[in-house]
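This is model39.cif (mmCIF, C-alpha atoms).
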data_model
loop_
_atom_site.label_atom_id
_atom_site.label_comp_id
_atom_site.auth_asym_id
_atom_site.auth_seq_id
_atom_site.Cartn_x
_atom_site.Cartn_y
_atom_site.Cartn_z
CA MET A 140 71.34 118.99 113.10
CA GLU A 141 73.55 119.36 110.07
CA GLN A 142 73.49 116.31 107.84
CA LEU A 143 76.79 114.46 108.04
CA LEU A 144 76.48 112.06 105.13
CA THR A 145 75.36 112.76 101.63
CA SER A 146 72.57 110.79 100.05
CA PRO A 147 73.16 108.94 96.74
CA ALA A 148 71.53 111.86 94.96
CA ASP A 149 74.07 114.20 96.50
CA ALA A 150 77.03 112.07 95.56
CA ALA A 151 77.42 113.72 92.16
CA GLU A 152 77.68 117.13 93.84
CA HIS A 153 80.10 116.05 96.57
CA PRO A 154 83.30 114.22 95.56
CA LYS A 155 83.43 112.79 99.08
CA PHE A 156 80.59 111.22 101.03
CA LEU A 157 81.09 113.59 103.96
CA ALA A 158 79.01 116.73 103.62
CA LYS A 159 80.81 118.43 106.52
CA LYS A 160 84.46 119.34 106.70
CA PRO A 161 86.11 119.26 109.13
CA LEU A 162 84.42 116.25 110.68
CA ILE A 163 85.08 115.97 114.43
CA ILE A 164 84.59 112.57 116.04
CA SER A 165 85.02 112.18 119.78
CA GLY A 166 84.13 109.96 122.70
CA PRO A 167 85.82 107.65 125.17
CA CYS A 168 88.36 105.05 124.15
CA SER A 169 86.08 102.49 125.79
CA ALA A 170 82.49 102.40 126.93
CA GLU A 171 82.94 101.46 130.59
CA THR A 172 79.59 102.10 132.26
CA GLU A 173 76.35 103.59 131.05
CA GLU A 174 76.81 106.59 133.35
CA GLN A 175 80.35 107.24 132.11
CA LEU A 176 79.37 107.01 128.44
CA ILE A 177 76.21 109.14 128.71
CA ALA A 178 77.98 111.82 130.76
CA THR A 179 80.90 112.01 128.35
CA CYS A 180 78.71 112.14 125.26
CA THR A 181 76.31 114.75 126.60
CA GLN A 182 79.19 116.98 127.67
CA LEU A 183 80.78 116.59 124.24
CA ALA A 184 77.51 117.49 122.54
CA ALA A 185 77.19 120.55 124.78
CA THR A 186 80.47 121.95 123.41
CA GLY A 187 78.83 122.29 119.99
CA LYS A 188 82.09 121.20 118.39
CA VAL A 189 81.57 117.46 117.93
CA ASP A 190 79.80 115.97 114.91
CA MET A 191 79.88 112.27 115.78
CA LEU A 192 80.21 110.19 118.93
CA ARG A 193 82.58 107.25 119.23
CA ALA A 194 83.11 104.60 121.87
CA GLY A 195 85.10 101.39 121.93
CA ILE A 196 82.72 98.47 122.47
CA TRP A 197 85.08 95.63 121.60
CA LYS A 198 88.74 96.34 122.38
CA PRO A 199 91.39 94.09 120.83
CA ARG A 200 94.38 94.19 123.19
CA THR A 201 97.97 93.09 122.87
CA LYS A 202 97.82 90.72 125.83
CA PRO A 203 94.99 88.69 127.37
CA GLY A 204 93.74 89.72 130.78
CA LEU A 205 93.53 93.42 129.94
CA PHE A 206 90.18 95.15 129.63
CA GLU A 207 88.87 94.07 126.24
CA GLY A 208 85.74 96.15 126.09
CA ILE A 209 82.34 95.92 127.70
CA GLY A 210 80.95 94.10 124.68
CA THR A 211 77.55 94.19 123.06
CA LYS A 212 75.80 95.34 126.24
CA GLY A 213 77.43 98.75 125.69
CA LEU A 214 75.62 99.31 122.37
CA PRO A 215 72.28 100.29 123.99
CA TRP A 216 74.21 102.90 126.00
CA LEU A 217 75.61 104.38 122.81
CA GLN A 218 72.16 104.26 121.24
CA ARG A 219 70.83 106.16 124.26
CA ALA A 220 73.58 108.77 123.88
CA LYS A 221 72.55 109.21 120.26
CA GLN A 222 68.93 109.75 121.27
CA LEU A 223 69.88 112.28 123.95
CA THR A 224 72.32 114.32 121.85
CA GLY A 225 70.99 113.91 118.31
CA LEU A 226 74.52 113.07 117.17
CA PRO A 227 75.35 110.06 114.96
CA THR A 228 77.52 107.29 116.36
CA THR A 229 80.44 105.18 115.22
CA VAL A 230 82.12 102.04 116.58
CA GLU A 231 84.98 99.75 115.61
CA VAL A 232 84.06 96.32 114.26
CA ALA A 233 86.39 93.37 113.87
CA THR A 234 84.07 90.42 113.14
CA PRO A 235 80.85 89.83 111.21
CA LYS A 236 79.05 89.43 114.56
CA HIS A 237 80.22 92.91 115.56
CA VAL A 238 78.72 94.26 112.33
CA GLU A 239 75.43 92.50 113.01
CA ASP A 240 75.21 93.83 116.58
CA ALA A 241 76.21 97.39 115.62
CA LEU A 242 73.57 97.54 112.92
CA ALA A 243 70.96 96.16 115.29
CA PHE A 244 71.54 99.11 117.62
CA ASP A 245 71.38 101.76 114.92
CA VAL A 246 75.09 102.66 114.72
CA ASP A 247 75.54 105.18 111.88
CA VAL A 248 79.17 104.63 110.83
CA LEU A 249 81.57 101.73 111.33
CA TRP A 250 85.33 101.71 111.37
CA ILE A 251 87.85 98.92 110.87
CA GLY A 252 90.77 99.08 113.29
CA ALA A 253 94.47 98.90 112.57
CA ARG A 254 94.84 95.39 113.98
CA THR A 255 92.10 94.18 111.65
CA THR A 256 93.23 96.03 108.52
CA VAL A 257 96.51 94.17 108.72
CA ASN A 258 94.70 90.83 108.16
CA PRO A 259 93.14 90.37 104.68
CA PHE A 260 91.10 87.38 105.89
CA SER A 261 89.43 89.50 108.58
CA VAL A 262 88.83 92.38 106.20
CA GLN A 263 87.23 90.06 103.67
CA ALA A 264 84.96 88.58 106.34
CA LEU A 265 83.81 92.11 107.24
CA ALA A 266 83.34 92.99 103.59
CA ASP A 267 81.17 89.91 103.08
CA ALA A 268 79.10 90.86 106.15
CA LEU A 269 78.63 94.36 104.74
CA ARG A 270 77.60 93.26 101.25
CA GLY A 271 74.47 95.15 100.32
CA VAL A 272 74.54 97.26 103.52
CA ASP A 273 74.41 101.01 102.89
CA ILE A 274 76.57 102.29 105.73
CA PRO A 275 79.75 104.37 105.70
CA VAL A 276 82.91 102.57 106.78
CA PHE A 277 86.20 104.16 107.79
CA ILE A 278 89.36 102.08 107.47
CA LYS A 279 92.28 102.74 109.78
CA ASN A 280 95.77 102.24 108.41
CA PRO A 281 97.32 98.86 109.24
CA VAL A 282 99.60 98.67 112.27
CA HIS A 283 102.63 98.24 110.02
CA PRO A 284 103.57 100.79 107.31
CA ASP A 285 102.19 98.80 104.39
CA LEU A 286 100.21 100.89 101.90
CA GLU A 287 99.15 97.87 99.87
CA LEU A 288 97.37 96.36 102.87
CA TRP A 289 95.53 99.66 103.36
CA MET A 290 94.66 99.81 99.67
CA GLY A 291 93.61 96.17 99.73
CA ALA A 292 91.11 96.81 102.52
CA VAL A 293 89.59 99.67 100.52
CA GLU A 294 89.32 97.49 97.43
CA ARG A 295 87.70 94.61 99.33
CA LEU A 296 84.94 96.89 100.61
CA ALA A 297 84.50 98.56 97.23
CA LYS A 298 84.09 95.18 95.54
CA VAL A 299 81.03 94.36 97.67
CA GLY A 300 79.40 97.61 96.59
CA ASN A 301 80.27 99.98 99.42
CA GLN A 302 80.62 103.48 97.98
CA LYS A 303 81.00 105.30 101.30
CA ILE A 304 84.54 104.47 102.34
CA GLY A 305 86.81 106.74 104.35
CA LEU A 306 90.31 106.49 105.81
CA ILE A 307 91.68 107.09 109.30
CA HIS A 308 95.36 107.82 109.83
CA ARG A 309 96.35 106.61 113.31
CA GLY A 310 100.09 106.20 112.82
CA PHE A 311 102.31 103.14 112.40
CA ALA A 312 104.27 100.90 114.73
CA SER A 313 108.00 101.52 114.54
CA TYR A 314 110.82 99.88 116.47
CA GLY A 315 112.43 102.10 119.06
CA ASN A 316 109.91 104.90 118.58
CA THR A 317 109.75 107.14 121.63
CA GLU A 318 108.27 110.47 120.56
CA TYR A 319 105.02 108.91 119.38
CA ARG A 320 103.01 105.90 120.38
CA ASN A 321 102.58 105.27 116.66
CA ALA A 322 104.84 107.16 114.27
CA PRO A 323 102.77 109.38 111.91
CA MET A 324 104.93 108.72 108.82
CA TRP A 325 103.02 111.50 107.05
CA HIS A 326 104.27 110.52 103.60
CA LEU A 327 102.11 107.37 103.72
CA PRO A 328 98.69 109.01 104.25
CA ILE A 329 99.76 111.67 101.74
CA GLU A 330 100.34 108.91 99.21
CA MET A 331 96.92 107.45 100.01
CA LYS A 332 95.39 110.89 99.39
CA ARG A 333 97.19 110.99 96.05
CA ARG A 334 95.97 107.54 95.04
CA LEU A 335 92.43 107.98 96.36
CA PRO A 336 91.63 111.71 96.15
CA ASP A 337 87.87 111.17 96.45
CA LEU A 338 88.07 109.31 99.76
CA PRO A 339 87.87 111.42 102.93
CA ILE A 340 90.73 110.93 105.35
CA ILE A 341 90.71 111.96 108.99
CA CYS A 342 93.49 111.91 111.56
CA ASP A 343 93.51 110.15 114.94
CA PRO A 344 96.02 112.16 117.01
CA SER A 345 95.13 110.21 120.16
CA HIS A 346 96.63 106.98 118.86
CA ILE A 347 99.52 108.70 117.12
CA CYS A 348 100.59 110.50 120.30
CA GLY A 349 99.62 108.12 123.08
CA ASN A 350 99.62 111.17 125.35
CA ARG A 351 97.78 114.47 125.76
CA THR A 352 100.68 116.84 125.24
CA GLY A 353 101.18 116.19 121.53
CA LEU A 354 97.54 116.16 120.45
CA ALA A 355 97.33 119.78 119.30
CA SER A 356 100.52 119.72 117.21
CA VAL A 357 99.58 116.48 115.43
CA ALA A 358 96.03 117.71 114.84
CA GLN A 359 97.35 120.97 113.38
CA LYS A 360 99.77 119.12 111.12
CA SER A 361 96.93 117.02 109.70
CA ILE A 362 94.82 120.13 109.12
CA ASP A 363 97.72 121.79 107.32
CA LEU A 364 97.89 118.69 105.10
CA ASP A 365 94.20 119.12 104.20
CA PHE A 366 92.83 116.16 106.15
CA ASP A 367 89.05 116.08 106.36
CA GLY A 368 88.70 115.87 110.12
CA LEU A 369 89.86 114.51 113.45
CA MET A 370 89.07 111.61 115.77
CA LEU A 371 90.01 112.49 119.34
CA GLU A 372 89.34 110.46 122.47
CA SER A 373 87.54 112.16 125.36
CA HIS A 374 86.54 110.95 128.83
CA ILE A 375 84.90 112.68 131.79
CA ASP A 376 87.68 111.35 134.04
CA PRO A 377 90.66 110.53 131.80
CA ASP A 378 93.11 109.64 134.56
CA ASN A 379 90.83 106.83 135.71
CA ALA A 380 89.88 105.51 132.28
CA TRP A 381 89.94 101.74 131.91
CA SER A 382 91.99 101.92 128.70
CA ASP A 383 94.40 104.42 127.12
CA ALA A 384 94.09 106.89 129.99
CA LYS A 385 97.14 108.95 129.02
CA GLN A 386 95.81 109.98 125.60
CA GLN A 387 92.27 111.02 126.56
CA VAL A 388 91.11 114.53 127.48
CA THR A 389 87.99 115.90 129.13
CA PRO A 390 85.23 117.34 126.89
CA GLN A 391 86.12 120.83 128.14
CA ARG A 392 89.79 120.36 127.26
CA LEU A 393 88.79 118.98 123.87
CA ALA A 394 86.81 122.15 123.13
CA GLU A 395 89.81 124.27 124.13
CA LEU A 396 92.10 122.21 121.92
CA LEU A 397 89.80 122.59 118.92
CA ASP A 398 89.49 126.33 119.50
CA GLY A 399 93.28 126.61 119.42
CA LEU A 400 93.63 125.06 115.96
CA THR A 401 93.97 127.09 112.77
CA TRP A 402 91.56 125.75 110.19
CA ARG A 403 92.84 126.27 106.66
CA HIS A 404 91.29 126.05 103.20
CA GLU A 405 92.49 123.90 100.32
CA THR A 406 92.30 126.83 97.89
CA THR A 407 90.75 130.25 97.33
CA ASP A 408 89.23 132.20 94.46
CA GLN A 409 91.35 135.30 95.13
CA GLN A 410 93.07 135.96 91.80
CA GLU A 411 96.11 137.72 93.30
CA PHE A 412 96.85 134.69 95.47
CA LEU A 413 96.32 132.26 92.59
CA ASN A 414 98.63 134.24 90.28
CA LYS A 415 101.41 134.38 92.87
CA LEU A 416 101.02 130.69 93.68
CA SER A 417 101.23 129.85 89.97
CA GLN A 418 104.49 131.80 89.66
CA LEU A 419 106.01 130.03 92.65
CA ARG A 420 104.91 126.62 91.37
CA THR A 421 106.51 127.38 88.02
CA GLN A 422 109.78 128.02 89.87
CA ILE A 423 109.37 124.71 91.70
CA ASN A 424 108.83 122.91 88.37
CA GLN A 425 111.95 124.48 86.90
CA LEU A 426 114.05 123.58 89.93
CA ASP A 427 112.70 120.01 89.89
CA ASP A 428 113.67 119.72 86.21
CA GLU A 429 117.20 120.86 87.05
CA ILE A 430 117.46 118.47 90.00
CA LEU A 431 116.34 115.51 87.87
CA HIS A 432 118.78 116.48 85.12
CA LEU A 433 121.63 116.62 87.65
CA LEU A 434 120.61 113.30 89.18
CA GLY A 435 120.66 111.74 85.73
CA ARG A 436 124.18 113.01 85.18
CA ARG A 437 125.19 111.77 88.63
CA MET A 438 124.00 108.26 87.80
CA GLN A 439 125.96 108.32 84.56
CA VAL A 440 129.09 109.09 86.57
CA ALA A 441 128.17 106.29 89.01
CA GLU A 442 127.99 103.85 86.09
CA SER A 443 131.42 105.00 84.92
CA ILE A 444 132.76 104.38 88.42
CA GLY A 445 131.14 100.94 88.35
CA GLN A 446 132.92 100.10 85.09
CA TYR A 447 136.24 101.33 86.49
CA LYS A 448 135.79 99.19 89.61
CA LYS A 449 134.90 96.19 87.48
CA ASP A 450 138.00 96.59 85.35
CA ASN A 451 140.12 96.67 88.49
CA ASP A 452 138.28 94.01 90.51
CA ILE A 453 137.14 96.45 93.20
CA THR A 454 133.96 95.96 95.25
CA ILE A 455 130.96 98.22 94.72
CA LEU A 456 130.55 99.32 98.34
CA GLN A 457 133.30 101.53 99.76
CA THR A 458 132.31 102.23 103.36
CA SER A 459 134.81 105.01 103.96
CA ARG A 460 133.67 106.84 100.82
CA TRP A 461 130.01 106.46 101.85
CA ASN A 462 130.75 107.95 105.27
CA GLU A 463 132.60 110.81 103.59
CA ILE A 464 129.59 111.56 101.35
CA LEU A 465 127.20 111.54 104.32
CA GLU A 466 129.32 113.81 106.50
CA ARG A 467 129.87 116.23 103.65
CA GLY A 468 126.17 116.25 102.79
CA ILE A 469 125.08 116.78 106.40
CA GLN A 470 127.45 119.73 106.83
CA GLN A 471 126.45 121.42 103.60
CA GLY A 472 122.78 120.66 104.20
CA HIS A 473 122.95 122.32 107.61
CA GLN A 474 124.37 125.46 106.04
CA LEU A 475 121.47 125.47 103.57
CA GLY A 476 118.82 124.98 106.23
CA LEU A 477 118.17 121.31 105.40
CA THR A 478 117.54 118.90 108.26
CA ARG A 479 119.82 115.97 109.01
CA ASP A 480 116.89 113.60 108.65
CA PHE A 481 116.13 114.85 105.14
CA ILE A 482 119.79 114.65 104.06
CA LEU A 483 120.09 111.06 105.31
CA LYS A 484 116.91 109.98 103.51
CA TYR A 485 117.97 111.75 100.31
CA PHE A 486 121.46 110.26 100.21
CA ASP A 487 120.14 106.80 101.17
CA ALA A 488 117.88 106.88 98.10
CA VAL A 489 120.62 108.23 95.84
CA HIS A 490 123.18 105.76 97.17
CA LEU A 491 120.83 102.80 96.63
CA GLU A 492 120.21 103.83 93.03
CA SER A 493 123.96 104.25 92.49
CA ILE A 494 124.64 100.76 93.88
CA ASN A 495 121.93 99.28 91.64
CA ARG A 496 123.45 100.98 88.59
CA GLN A 497 126.96 99.80 89.45
CA ASN A 498 125.67 96.30 90.13
CA ARG A 499 124.15 96.17 86.64
CA VAL A 500 127.47 97.29 85.18
CA MET A 501 129.35 94.67 87.20
CA ASN A 502 127.05 91.85 86.05
CA ARG A 503 126.25 93.04 82.53
CA GLU A 504 128.02 90.10 80.87
CA ASN A 505 126.25 87.59 83.12
CA LEU A 506 122.88 89.10 82.28
CA GLU A 507 123.62 88.95 78.57
#
Give the structure from this file in structure tokens form.
Amino acid sequence: MEQLLTSPADAAEHPKFLAKKPLIISGPCSAETEEQLIATCTQLAATGKVDMLRAGIWKPRTKPGLFEGIGTKGLPWLQRAKQLTGLPTTVEVATPKHVEDALAFDVDVLWIGARTTVNPFSVQALADALRGVDIPVFIKNPVHPDLELWMGAVERLAKVGNQKIGLIHRGFASYGNTEYRNAPMWHLPIEMKRRLPDLPIICDPSHICGNRTGLASVAQKSIDLDFDGLMLESHIDPDNAWSDAKQQVTPQRLAELLDGLTWRHETTDQQEFLNKLSQLRTQINQLDDEILHLLGRRMQVAESIGQYKKDNDITILQTSRWNEILERGIQQGHQLGLTRDFILKYFDAVHLESINRQNRVMNRENLE
């Protein structure tokens, strides 16, 4: 079996602790019975496409009375699946006792769930329990789109000496969201990749989608963004699963889904490609310079408008003018092939900066 994790001696050669990319993690949302777990895991192993087995042992749920996991008695089942398949295992932990039990049953990798990441007290308790323990830990993004909470969880584990930390992007809660169970908000994991380039990050399409139909497109998007792997939920009988039935697929369907993905490379050593890419990036840099120069000039005009309004006792916000700018921008953007969503986000950012500039002009004397 291919080694999944690098040893300390290998760390200098591999910027990330995962020796295999892409890393594919799969298994049922919840361990329900020993028969269900063993059957699912052995079928997954038989596909030859899965590198690590997962199963929910403890399941934090929104409301009491729902199935909250089989508990510690499911760990020997997962240990048995590991022995039968030769594949490493991973489980979610939310308390120090979970950590203790998982380690006692030879779990290879732990992950911290979104509901736990959101609570610094819980993360610190886990970090303290893991002090001096040499085991990889993945951290899912917090439920809410808060990068600092995600960063804080990483820092808490790093401070107790853990050097094998990874990230899992499982999407974020958003009010009124219908397309996804948890909105991907791709710019947030991208920012985490920028801040922490040496940490592996994998995508959890199951929890982003909340259904089977969107799994392939979300998985492909993460691959195109150079994620390091996928965590996908699989069950021998998804429709009758005890939790999250709609987002799980059979091992056979999982293999088909993975076969349908296009796996890309971060770069290449082909000189012709590199030369062309360099030329195109130079054009991007030049255009960005022009855009920033124009934005600077725009803000200077906004400050002049702010001064004119101040001299004539006119409010900063002019709703009719703002609507005019948006409609004009959306129409022109459409003609240029720019999406409505992008135009709205762009003008929201520009408008906010303009208001801030005019506000400073309005209150300059008070500040002085």
Residue contacts of Thr179 of chain A (10 Å, only C-alpha atoms) excluding same-chain residues fewer than 5 positions away, as a PyMOL selection string: chain A and resi 165-167+170+173-174+184-185+192+220+373-376+389-390
Atomic separation - atom CA of Thr256 of chain A relative to atom CA of Trp289 of chain A, Å: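 Those two atoms sit 6.7 Å apart.
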Top pick for closest residue to Arg437 of chain A, considering A:Phe366, A:Glu207, A:Thr229, A:Arg496 and counting only C-alpha atoms: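 Nearest to Arg437 of chain A: A:Arg496.
In this comparison, which uses all atoms listed in the file, the residue of A:Arg219, A:Lys212, A:Lys484, A:Lys159 approaching Cys180 of chain A most closely is A:Arg219.
Atom CA of Thr255 of chain A to atom CA of Gly349 of chain A spans 19.5 Å [interatomic distance, one decimal].
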Grab the atom CA of Ile444 of chain A to atom CA of Thr478 of chain A distance for me, in Å with one decimal place.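 Result for atom CA of Ile444 of chain A versus atom CA of Thr478 of chain A: 28.9 Å, one decimal.
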Fewer than 3 positions away in the same chain doesn't count, so skip those; otherwise give me all residues within 9 Å of Pro284 of chain A, counting only C-alpha atoms, as an MDAnalysis selection string. chainID A and resid 280:281 288 310:313 324 327
Residues of the last selection are to be written out with C-alpha atoms, as a PDB file, in the coordinates of the input.
ATOM      1  CA  ASN A 280      95.770 102.240 108.410  1.00  0.00           C
ATOM      2  CA  PRO A 281      97.320  98.860 109.240  1.00  0.00           C
ATOM      3  CA  LEU A 288      97.370  96.360 102.870  1.00  0.00           C
ATOM      4  CA  GLY A 310     100.090 106.200 112.820  1.00  0.00           C
ATOM      5  CA  PHE A 311     102.310 103.140 112.400  1.00  0.00           C
ATOM      6  CA  ALA A 312     104.270 100.900 114.730  1.00  0.00           C
ATOM      7  CA  SER A 313     108.000 101.520 114.540  1.00  0.00           C
ATOM      8  CA  MET A 324     104.930 108.720 108.820  1.00  0.00           C
ATOM      9  CA  LEU A 327     102.110 107.370 103.720  1.00  0.00           C
TER      10      LEU A 327
END
Just give me the residues with any atom within 9 Å of (85.8, 97.1, 121.9), file coordinates, counting all atoms listed in the file, written as number ranges by chain. A: 168-170, 194-199, 207-211, 230-233
Which of these, A:Ala268, A:Leu371, A:Lys221, A:Ser345, has the shortest distance to Val238 of chain A once you count all atoms listed in the file?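 Of the candidates, the smallest distance to Val238 of chain A is held by A:Ala268.
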Which polymer residues have any atom within 9 Å of an atom of Met331 of chain A, counting all atoms listed in the file, with same-chain residues fewer than 3 positions away left out, as a list in words?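 After dropping sequence-adjacent residues, the list is Leu286, Trp289, Met290, Leu306, His326, Leu327, Pro328, Arg334, Leu335, Pro336 and Ile340 of chain A.
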